[in-house]
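Student: Before I ask anything, let me first share the structure, which is written out below as structure tokens.
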Amino acid sequence: MLIFEQSQPGRRNYSQAPLAKAEVKDIPAKLRRTKRPLLPEVSEMQAVRHYTQLSQKNFSIDTQFYPLGSCTMKYNPRACNKLAMLPGLLGRHPHAPESTGQGFLACMYELQEMLKDVTGMKACSLTPLAGAQGEFAGVAMIRAYHDSRNDTARTEILVPDAAHGTNPATAVMCGYSVREIPTNAEGDVDVEALKAAVGPQTAGLMLTNPSTLGVFERRITEIAKIVHDAGGLLYYDGANLNAILGRVKPGDMGFDVIHMNLHKTFSTPHGGGGPGAGPVAANERLAPFLPVPIVGKVQDKYLWETEKTRPQTIGRLSANMGNAGVLLRAYVYARLLGREGMHRVAEYSTLNANYIMAELAKRGFDMAFPKRRATHEFVLTFKRLKDETGVSAMDVAKRLLDKGFHAPTTYFPMLVPECHLIEPTETEAREELDRFIAAMEEIVKEVRTNPDTVKGAPHTLPVKRLDDVRAARELDLVWKPAA
Amino acid sequence: MPFVPHTEADVKAMLAAIGVKSIDQLFEEIPAALRAGKLTQVPEGLSEMEVARLMSTRAQQDGTYINFLGAGAYEHHIPAAVWEIVTRGEFYTAYTPYQAEASQGTLQLLYEYQTMMASLTGMDVSNASLYDGASGLAEAVLMAVRAHKKSRRVLMPKTVHPIYRKVVHAIVKNQAIELIEVAYDARGGHTSLDALKSHAGGDYAALVIPQPNFFGVLEDADELTDWAHANHMLAVALVNPTSLALLKAPGEWGAKGADIAVGEGQPLGVPLSSGGPYFGFMSCKEALVRQMPGRIIGATVDKDGKRGYTLTLQAREQHIRRSKATSNICTNQGLMVTAATIYMALVGPEGLERAAAASHANTNALVEKLTAIKGVARIFDRPVFHEAVLRFDAPAADTLRALEAQGILGGYDLADHYPELGQAVLVCATETRTAEDIQQYAFHLERVVSKRRLDPPCAVKVT
């Protein structure tokens, strides 16, 4: 039932509004609202019960193993939430002067320093509000760099065909055309094709490493040289930074600018789809173009560096300084983890992924790149199963839900047919991985004995398989009261 | 190790299962030259107790101030239940609802949110949110240009939040979209039809109409909307959601209503938190829905005919359309929208109206008290909503600093963005300010402006 269907005219929560109703006399009638908005009129308890019950219809990290590839669904420590919501931090107004925010700014400054270290970059801006905005910042910086040199013939961004959809979409938002670079059979960028594609029109290359195929791009140093020799720059999509955190620094691979997804690598909550945080870091060449504001430090005082002191900046991407509350959570996480803990992230996320891959391979599952090591994630394909039984990767994913696991990412990367992208993260214990492996094996057995059970999954969730086609064809985006 | 559950026995058994000798061996495909040394700027790890101590010290250091700042972020009462529920793990640690059957909680909530926002703005449809108000306005400008098809120029009044204007510029400039400033009326602080005259019949895709505008001043939204439509451009409404409990919804502006409504959702249950995370809302006329960026939730049925909710119109989005998507936006601000939905359910239409009316009345009371002081005057003579511009006969920055020393954040200094206004400050008093707070502000401001030095405006707290 929707909250609106529980609504009764005249019901309200006396504790949740000013007791006296202030009269408004100075706003002209022609500017006033005459019809009340359709907001629920329910008691506090009804609202609490309704939304608590809704929450119980969700899978989440706190309740289920969530091996959603490329999303890094690791444990979100509760301390990060609690400490980011301390009154002095939570109530601070974004335009409050720097002098009233030295504690907050100290956290942000130290976070910048830590992110510079783990990425091997020279400077960092925390302001992008999400990964896609961090990507935008990175490519806009590449463009601002070329523009600053009057190198305006560079109109093209190169993107591997395995890239996330945000990469080409971002390049277009920055006014570039996109050229795709093919991937070879082993999952690496086709270097010969790259050589043929670069030229005076190349503004840069957007690359995720490890790639979305769950493998490390082995010829990265050579790739960087090819792009740099052509006058282009390299942007690192930090989607998969968890795989190399504390192990390899993107700056050392030859990247000029990088964005990070703190909601992945630094364990801030995904919140049902945001808020994220997508800080950008850059080497010396691109540092002047970073978005503002950035936290600076003069003697012992923290301050905002803005357009005034950073005239070459690409500008501002949000009304304020960024997703401060998310950044605070990331800061707390980094302090809990510490240096040694950070080195362990790549090691144990990689161990977990390789373990599941090895165990599933032993049980006859097909890996997309069987000769490669898994990184923090890997791709398997159900193409053979589909050809033989008609049961798809999506059917298997839905059946996993019945068994109490969130499904892996399905049908991405697009290069691998009928695929699952599986990312367990470092925070899962071996027993949980074993349960997942067993569930996958059970499902494949079910396909052989009772395929309809799998095809008809899920059976145990609040709804059965939903009609997506109808949702798009007969648009119903807002509830309307019965006439 | 923090948050890594592996025992030595686990590691041994797992390595054996994989068939390698060490964890290092799993990284053998990475060229040795790329192997990073030790991290030098990351300190040793701390226990939760130690980090809690550090954070408490820092939070206390930032103290609490009596806040009269608005300028796009507003301190409103947030019912205790809002964040108790929002931070339940099932909302807090879920991701984008790609697996609809396992995400009905988030999906139904977003559908309810879309319904509330569409109604509040008087529009047909809403998306599931954007990053914030400023980037949301940039997306609205891009959307208007896509929908208009012919023009890549947009009229942007100077009464739009100055930082929003910067953000829009930073986001759209690389797509050869031009923002044309429209001057404001010096007396009223609004965008007059006179100022638009020279643009009549021009090549523009849209006019942005802020209501209330950055100065708190109410624009002639009906006339501006009609003017935009008469001149073949879209009307993009930039609105404060709290104000919509009192003010006419954008969908009802003028003869045909605004085409797109967008704004900052923070006032609906989201804490100030130094500027984020907040969320941007966007709603529009049904005809434009396929041009709308961001996640959209639709109702449908499952295979037994039972009602359910799912992500829809995904063909607009980057993960399907790649370089031809409406935007590169991937996530929405799910958790913030969860807060806003619960907030709206708890306060209801009456509560939202009371919060809006009380905020407005408090600001009126504040303005009355402060302008009774010699050397403090209102700049604009038009009606406002819960925010107003005052001029001080003393340097604004120094005055605000002196107030800060007394624990008062006295408002937003307009010197950087509107130097022509002189020593001007934008003030706001929401329903959370008491009569005593307002009295304190008046007391200290009088002391500072009158240059009485008996109680010096220094870092000594006067009680």
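Identifiers in the structure tokens: chain A, B, ... in order shown; residue index from 1 per chain; ligand index from 1 in order shown.
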Once DSSP has gone over the backbone, tell me which residues of segment 76-282 of chain A are in strand (DSSP E), as a PyMOL selection string.
Tutor: chain A and resi 123-125+156-160+177-181+202-207+233-238+257-260+280-282
Student: Go ahead and write the selection's residues with N, CA and C atoms as a JSON list (two decimals), in the first residue's frame.
Tutor:
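Produced file out_4.json, reproduced below:
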```json
[["chain", "number", "residue", "atom", "x", "y", "z"],
["A", 123, "ALA", "N", 47.79, 16.90, -6.62],
["A", 123, "ALA", "CA", 46.77, 17.75, -6.00],
["A", 123, "ALA", "C", 45.42, 17.07, -6.10],
["A", 124, "CYS", "N", 44.51, 17.48, -5.23],
["A", 124, "CYS", "CA", 43.22, 16.79, -5.16],
["A", 124, "CYS", "C", 42.11, 17.79, -4.86],
["A", 125, "SER", "N", 40.96, 17.58, -5.50],
["A", 125, "SER", "CA", 39.76, 18.36, -5.19],
["A", 125, "SER", "C", 38.65, 17.40, -4.81],
["A", 156, "GLU", "N", 38.72, 14.71, -29.99],
["A", 156, "GLU", "CA", 38.28, 13.33, -29.85],
["A", 156, "GLU", "C", 38.80, 12.70, -28.56],
["A", 157, "ILE", "N", 37.93, 11.97, -27.89],
["A", 157, "ILE", "CA", 38.33, 11.19, -26.72],
["A", 157, "ILE", "C", 38.25, 9.71, -27.07],
["A", 158, "LEU", "N", 39.29, 8.98, -26.69],
["A", 158, "LEU", "CA", 39.32, 7.54, -26.95],
["A", 158, "LEU", "C", 38.81, 6.81, -25.72],
["A", 159, "VAL", "N", 37.95, 5.83, -25.98],
["A", 159, "VAL", "CA", 37.35, 5.06, -24.89],
["A", 159, "VAL", "C", 37.35, 3.59, -25.30],
["A", 160, "PRO", "N", 37.90, 2.70, -24.48],
["A", 160, "PRO", "CA", 37.83, 1.28, -24.83],
["A", 160, "PRO", "C", 36.36, 0.81, -24.91],
["A", 177, "SER", "N", 33.94, 14.29, -29.40],
["A", 177, "SER", "CA", 33.39, 13.09, -30.02],
["A", 177, "SER", "C", 34.15, 11.89, -29.45],
["A", 178, "VAL", "N", 33.56, 10.73, -29.59],
["A", 178, "VAL", "CA", 34.08, 9.53, -28.95],
["A", 178, "VAL", "C", 34.54, 8.53, -30.00],
["A", 179, "ARG", "N", 35.74, 7.99, -29.83],
["A", 179, "ARG", "CA", 36.15, 6.88, -30.69],
["A", 179, "ARG", "C", 36.42, 5.67, -29.80],
["A", 180, "GLU", "N", 35.81, 4.56, -30.14],
["A", 180, "GLU", "CA", 35.98, 3.35, -29.33],
["A", 180, "GLU", "C", 37.21, 2.56, -29.78],
["A", 181, "ILE", "N", 37.91, 2.01, -28.81],
["A", 181, "ILE", "CA", 39.08, 1.17, -29.08],
["A", 181, "ILE", "C", 38.70, -0.27, -28.72],
["A", 202, "THR", "N", 43.55, 13.69, -31.04],
["A", 202, "THR", "CA", 43.33, 12.98, -29.78],
["A", 202, "THR", "C", 43.49, 13.93, -28.58],
["A", 203, "ALA", "N", 42.41, 14.11, -27.85],
["A", 203, "ALA", "CA", 42.49, 14.92, -26.63],
["A", 203, "ALA", "C", 42.93, 14.06, -25.46],
["A", 204, "GLY", "N", 42.47, 12.83, -25.44],
["A", 204, "GLY", "CA", 42.86, 11.97, -24.34],
["A", 204, "GLY", "C", 42.23, 10.59, -24.43],
["A", 205, "LEU", "N", 42.61, 9.76, -23.46],
["A", 205, "LEU", "CA", 42.09, 8.40, -23.36],
["A", 205, "LEU", "C", 41.49, 8.24, -21.97],
["A", 206, "MET", "N", 40.28, 7.66, -21.92],
["A", 206, "MET", "CA", 39.65, 7.35, -20.64],
["A", 206, "MET", "C", 39.80, 5.86, -20.41],
["A", 207, "LEU", "N", 40.37, 5.50, -19.27],
["A", 207, "LEU", "CA", 40.65, 4.09, -19.06],
["A", 207, "LEU", "C", 40.36, 3.70, -17.61],
["A", 233, "LEU", "N", 46.15, 13.17, -23.28],
["A", 233, "LEU", "CA", 46.32, 12.95, -21.84],
["A", 233, "LEU", "C", 45.51, 11.72, -21.42],
["A", 234, "LEU", "N", 45.84, 11.21, -20.23],
["A", 234, "LEU", "CA", 45.17, 10.00, -19.75],
["A", 234, "LEU", "C", 44.35, 10.26, -18.50],
["A", 235, "TYR", "N", 43.11, 9.83, -18.61],
["A", 235, "TYR", "CA", 42.19, 9.94, -17.49],
["A", 235, "TYR", "C", 41.94, 8.55, -16.93],
["A", 236, "TYR", "N", 42.02, 8.44, -15.59],
["A", 236, "TYR", "CA", 41.81, 7.15, -14.94],
["A", 236, "TYR", "C", 40.43, 7.13, -14.29],
["A", 237, "ASP", "N", 39.61, 6.21, -14.72],
["A", 237, "ASP", "CA", 38.30, 6.01, -14.09],
["A", 237, "ASP", "C", 38.53, 5.14, -12.85],
["A", 238, "GLY", "N", 38.28, 5.72, -11.69],
["A", 238, "GLY", "CA", 38.60, 5.03, -10.43],
["A", 238, "GLY", "C", 37.59, 4.00, -9.99],
["A", 257, "VAL", "N", 45.12, 12.39, -14.67],
["A", 257, "VAL", "CA", 44.01, 12.80, -13.81],
["A", 257, "VAL", "C", 43.17, 11.57, -13.49],
["A", 258, "ILE", "N", 42.62, 11.55, -12.30],
["A", 258, "ILE", "CA", 41.85, 10.39, -11.85],
["A", 258, "ILE", "C", 40.66, 10.86, -11.04],
["A", 259, "HIS", "N", 39.55, 10.14, -11.15],
["A", 259, "HIS", "CA", 38.49, 10.35, -10.17],
["A", 259, "HIS", "C", 38.35, 9.07, -9.35],
["A", 260, "MET", "N", 37.92, 9.26, -8.10],
["A", 260, "MET", "CA", 37.70, 8.10, -7.22],
["A", 260, "MET", "C", 36.23, 8.04, -6.84],
["A", 280, "VAL", "N", 38.53, 14.30, -7.49],
["A", 280, "VAL", "CA", 39.49, 14.18, -8.60],
["A", 280, "VAL", "C", 40.87, 14.56, -8.10],
["A", 281, "ALA", "N", 41.87, 13.84, -8.61],
["A", 281, "ALA", "CA", 43.25, 14.18, -8.29],
["A", 281, "ALA", "C", 44.01, 14.27, -9.61],
["A", 282, "ALA", "N", 45.04, 15.12, -9.63],
["A", 282, "ALA", "CA", 45.75, 15.36, -10.88],
["A", 282, "ALA", "C", 47.23, 15.51, -10.65]]
```
Student: Write out as a tab-separated table the residues of segment 265-338 of chain A that have any atom within 9 Å of an atom of segment 40-45 of chain B, one row each with the nearest atom pair and its distance in Å to one decimal, counting only C-alpha atoms, sorted by chain and then rising number.
Tutor:
```
residue	atom	partner	partner_atom	distance
A:Ala334	CA	B:Val42	CA	7.8
A:Arg335	CA	B:Gly45	CA	5.5
A:Leu336	CA	B:Gly45	CA	5.1
A:Leu337	CA	B:Gly45	CA	5.1
A:Gly338	CA	B:Gly45	CA	3.4
```
Student: I'd like the contact shell of Phe378 of chain A - 10 Å cut-off, only C-alpha atoms, skipping same-chain residues fewer than 4 positions apart - returned as a ChimeraX atom specification.
Tutor: /A:69-70,212-215,350,353-354,356-357,367-370,372-374,420-424
Student: Write out, as a CSV table (one decimal), in the first residue's frame, the residues just selected, with N, CA and C atoms.
Tutor:
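Okay, part-v8.csv is ready:
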```csv
chain,number,residue,atom,x,y,z
A,69,GLY,N,29.2,-6.6,-9.2
A,69,GLY,CA,30.5,-6.3,-9.8
A,69,GLY,C,30.5,-4.8,-10.2
A,70,SER,N,31.7,-4.2,-9.9
A,70,SER,CA,32.0,-2.9,-10.3
A,70,SER,C,31.4,-1.9,-9.3
A,212,THR,N,36.9,-3.1,-16.8
A,212,THR,CA,35.5,-3.6,-16.4
A,212,THR,C,35.5,-5.1,-16.7
A,213,LEU,N,36.5,-5.7,-17.4
A,213,LEU,CA,36.5,-7.1,-17.6
A,213,LEU,C,37.1,-7.9,-16.5
A,214,GLY,N,37.5,-7.2,-15.4
A,214,GLY,CA,38.0,-7.9,-14.2
A,214,GLY,C,39.4,-8.3,-14.4
A,215,VAL,N,40.2,-7.7,-15.3
A,215,VAL,CA,41.6,-8.0,-15.5
A,215,VAL,C,42.4,-6.7,-15.5
A,350,THR,N,41.2,-9.1,-3.7
A,350,THR,CA,41.7,-9.9,-4.8
A,350,THR,C,41.7,-11.4,-4.5
A,353,ALA,N,38.1,-12.7,-4.7
A,353,ALA,CA,37.6,-12.9,-6.0
A,353,ALA,C,38.2,-14.1,-6.7
A,354,ASN,N,39.5,-14.3,-6.5
A,354,ASN,CA,40.2,-15.4,-7.1
A,354,ASN,C,39.7,-16.7,-6.5
A,356,ILE,N,36.6,-17.4,-5.3
A,356,ILE,CA,35.3,-17.8,-5.9
A,356,ILE,C,35.5,-18.2,-7.3
A,357,MET,N,36.4,-17.5,-8.1
A,357,MET,CA,36.6,-17.9,-9.5
A,357,MET,C,37.1,-19.3,-9.6
A,367,MET,N,34.6,-19.3,-17.3
A,367,MET,CA,35.1,-17.9,-17.1
A,367,MET,C,35.3,-17.2,-18.4
A,368,ALA,N,35.1,-15.9,-18.4
A,368,ALA,CA,35.2,-15.2,-19.7
A,368,ALA,C,36.7,-15.1,-20.1
A,369,PHE,N,37.6,-15.0,-19.1
A,369,PHE,CA,39.0,-15.0,-19.3
A,369,PHE,C,39.7,-16.0,-18.4
A,370,PRO,N,39.6,-17.3,-18.8
A,370,PRO,CA,40.0,-18.3,-17.9
A,370,PRO,C,41.6,-18.3,-17.6
A,372,ARG,N,43.4,-15.7,-17.2
A,372,ARG,CA,43.8,-14.5,-16.5
A,372,ARG,C,43.6,-14.7,-15.0
A,373,ARG,N,44.3,-13.9,-14.2
A,373,ARG,CA,44.0,-13.8,-12.8
A,373,ARG,C,42.8,-12.9,-12.7
A,374,ALA,N,42.0,-13.2,-11.7
A,374,ALA,CA,40.9,-12.2,-11.4
A,374,ALA,C,41.6,-11.1,-10.6
A,420,HIS,N,27.9,-12.6,-15.8
A,420,HIS,CA,27.8,-12.1,-14.5
A,420,HIS,C,29.2,-11.4,-14.2
A,421,LEU,N,29.2,-10.3,-13.5
A,421,LEU,CA,30.4,-9.7,-13.1
A,421,LEU,C,30.3,-9.7,-11.5
A,422,ILE,N,31.3,-10.5,-10.9
A,422,ILE,CA,31.2,-10.9,-9.5
A,422,ILE,C,32.3,-10.2,-8.7
A,423,GLU,N,31.9,-9.4,-7.7
A,423,GLU,CA,32.9,-8.7,-6.9
A,423,GLU,C,32.5,-8.9,-5.4
A,424,PRO,N,33.3,-9.8,-4.8
A,424,PRO,CA,32.9,-10.1,-3.4
A,424,PRO,C,33.3,-9.1,-2.3
```
Student: Which residue gives the smallest distance to Met394 of chain A among B:Ser243, B:Gln99, B:Thr432, B:Thr93, with only C-alpha atoms counted?
Tutor: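 Under the stated criterion, the closest residue is B:Gln99.
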Student: Counting only C-alpha atoms, which of A:Ala197, A:Cys71, A:Ala224, A:Ala162 gets nearest to chain B?
Tutor: A:Cys71
Student: As a PyMOL selection string, please: the residues near segment 323-337 of chain B (cut-off 7 Å, only C-alpha atoms, same-chain neighbours under 4 positions excluded).
Tutor: (chain A and resi 132+166+168-170+172+271-275) or (chain B and resi 86+92+128-131+270+278-279+291+293-295+316-318+341)
Student: Once you have the residues from the selection above, write them out as an mmCIF file, in the first residue's frame, restricted to N, CA and C atoms.
Tutor:
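So out_19.cif came out as:
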```cif
data_model
loop_
_atom_site.group_PDB
_atom_site.id
_atom_site.type_symbol
_atom_site.label_atom_id
_atom_site.label_comp_id
_atom_site.auth_asym_id
_atom_site.auth_seq_id
_atom_site.Cartn_x
_atom_site.Cartn_y
_atom_site.Cartn_z
ATOM 1 N N ALA A 132 30.292 10.068 -11.739
ATOM 2 C CA ALA A 132 30.092 10.639 -13.073
ATOM 3 C C ALA A 132 30.498 12.108 -13.094
ATOM 4 N N THR A 166 29.169 5.667 -18.589
ATOM 5 C CA THR A 166 29.396 7.067 -18.200
ATOM 6 C C THR A 166 30.569 7.676 -18.957
ATOM 7 N N PRO A 168 31.768 7.395 -22.298
ATOM 8 C CA PRO A 168 31.398 8.109 -23.530
ATOM 9 C C PRO A 168 30.390 9.229 -23.284
ATOM 10 N N ALA A 169 29.448 9.032 -22.364
ATOM 11 C CA ALA A 169 28.459 10.083 -22.087
ATOM 12 C C ALA A 169 29.152 11.335 -21.549
ATOM 13 N N THR A 170 30.170 11.140 -20.718
ATOM 14 C CA THR A 170 30.923 12.262 -20.164
ATOM 15 C C THR A 170 31.694 13.005 -21.248
ATOM 16 N N VAL A 172 31.030 13.326 -24.285
ATOM 17 C CA VAL A 172 30.102 14.135 -25.077
ATOM 18 C C VAL A 172 29.693 15.396 -24.302
ATOM 19 N N GLY A 271 23.415 3.970 -0.268
ATOM 20 C CA GLY A 271 22.170 4.697 -0.007
ATOM 21 C C GLY A 271 21.028 4.465 -0.985
ATOM 22 N N GLY A 272 20.943 3.278 -1.570
ATOM 23 C CA GLY A 272 19.876 3.034 -2.536
ATOM 24 C C GLY A 272 20.101 3.801 -3.834
ATOM 25 N N GLY A 273 21.349 4.187 -4.101
ATOM 26 C CA GLY A 273 21.660 4.911 -5.340
ATOM 27 C C GLY A 273 22.115 6.323 -5.055
ATOM 28 N N GLY A 274 23.057 6.500 -4.204
ATOM 29 C CA GLY A 274 23.599 7.820 -3.906
ATOM 30 C C GLY A 274 23.207 8.268 -2.518
ATOM 31 N N PRO A 275 23.834 9.273 -1.952
ATOM 32 C CA PRO A 275 24.856 10.123 -2.566
ATOM 33 C C PRO A 275 26.211 9.429 -2.644
ATOM 34 N N VAL B 86 16.106 6.564 7.898
ATOM 35 C CA VAL B 86 17.019 6.663 6.748
ATOM 36 C C VAL B 86 18.276 5.823 6.976
ATOM 37 N N TYR B 92 20.259 2.384 3.963
ATOM 38 C CA TYR B 92 21.586 2.991 3.967
ATOM 39 C C TYR B 92 22.580 2.201 3.117
ATOM 40 N N ALA B 128 13.825 10.811 -10.111
ATOM 41 C CA ALA B 128 14.112 10.327 -8.755
ATOM 42 C C ALA B 128 15.220 11.122 -8.085
ATOM 43 N N SER B 129 15.541 12.311 -8.611
ATOM 44 C CA SER B 129 16.477 13.304 -8.068
ATOM 45 C C SER B 129 17.782 13.384 -8.843
ATOM 46 N N LEU B 130 18.431 14.531 -8.661
ATOM 47 C CA LEU B 130 19.744 14.808 -9.243
ATOM 48 C C LEU B 130 20.683 15.148 -8.085
ATOM 49 N N TYR B 131 21.921 15.569 -8.384
ATOM 50 C CA TYR B 131 22.915 15.736 -7.306
ATOM 51 C C TYR B 131 22.574 16.867 -6.335
ATOM 52 N N VAL B 270 16.899 17.470 5.095
ATOM 53 C CA VAL B 270 18.325 17.172 4.940
ATOM 54 C C VAL B 270 19.142 18.163 5.773
ATOM 55 N N TYR B 278 23.197 16.938 -0.429
ATOM 56 C CA TYR B 278 21.839 17.433 -0.587
ATOM 57 C C TYR B 278 21.229 16.662 -1.769
ATOM 58 N N PHE B 279 20.171 17.188 -2.347
ATOM 59 C CA PHE B 279 19.703 16.594 -3.612
ATOM 60 C C PHE B 279 19.009 17.651 -4.462
ATOM 61 N N GLN B 291 13.102 13.615 -22.368
ATOM 62 C CA GLN B 291 14.300 14.463 -22.358
ATOM 63 C C GLN B 291 14.862 14.624 -20.946
ATOM 64 N N PRO B 293 16.793 13.958 -17.574
ATOM 65 C CA PRO B 293 17.932 13.143 -17.160
ATOM 66 C C PRO B 293 17.644 12.427 -15.845
ATOM 67 N N GLY B 294 18.463 11.466 -15.520
ATOM 68 C CA GLY B 294 18.412 10.829 -14.194
ATOM 69 C C GLY B 294 17.469 9.645 -14.131
ATOM 70 N N ARG B 295 17.512 8.994 -12.983
ATOM 71 C CA ARG B 295 16.677 7.814 -12.770
ATOM 72 C C ARG B 295 15.199 8.190 -12.705
ATOM 73 N N ARG B 316 17.036 6.300 -22.007
ATOM 74 C CA ARG B 316 17.623 7.644 -22.023
ATOM 75 C C ARG B 316 19.029 7.643 -21.438
ATOM 76 N N GLU B 317 19.373 6.593 -20.700
ATOM 77 C CA GLU B 317 20.491 6.686 -19.764
ATOM 78 C C GLU B 317 21.813 6.156 -20.314
ATOM 79 N N GLN B 318 22.888 6.587 -19.633
ATOM 80 C CA GLN B 318 24.246 6.324 -20.116
ATOM 81 C C GLN B 318 24.591 4.842 -20.206
ATOM 82 N N THR B 341 11.348 12.162 1.528
ATOM 83 C CA THR B 341 10.045 11.508 1.430
ATOM 84 C C THR B 341 9.461 11.281 2.826
#
```
Student: Write out as number ranges by chain which residues come within 6 Å of Ser274 of chain B when counting only C-alpha atoms, dropping same-chain ones fewer than 6 positions away.
Tutor: A: 92-94
Student: Mind writing the picked residues with C-alpha atoms as a PDB file, in the first residue's frame?
Tutor:
```pdb
ATOM      1  CA  ARG A  92      27.347  23.595  10.109  1.00  0.00           C
ATOM      2  CA  HIS A  93      26.060  25.918   7.390  1.00  0.00           C
ATOM      3  CA  PRO A  94      27.927  25.723   4.062  1.00  0.00           C
TER       4      PRO A  94
END
```
Student: Determine, counting only C-alpha atoms, which protein, DNA and RNA residues have an atom within 9 Å of an atom of segment 108-110 of chain A; residues of the same chain fewer than 2 positions away are not included. Present the result as a ChimeraX atom specification.
Tutor: /A:103-106,112-115,126,294-297,302,324,327-328,331 /B:41-42
Student: I need the residue nearest Gly91 of chain A from this list: A:Thr265, A:Glu307, A:Ala239, A:Gly325. Use only C-alpha atoms for the distance.
Tutor: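 So, comparing all the options, the nearest one is A:Gly325.
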Student: May I ask for the distance between atom CA of Ile171 of chain B and atom CA of Leu317 of chain A, given in Å to one decimal place?
Tutor: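 We find that atom CA of Ile171 of chain B and atom CA of Leu317 of chain A lie 7.0 Å from each other.
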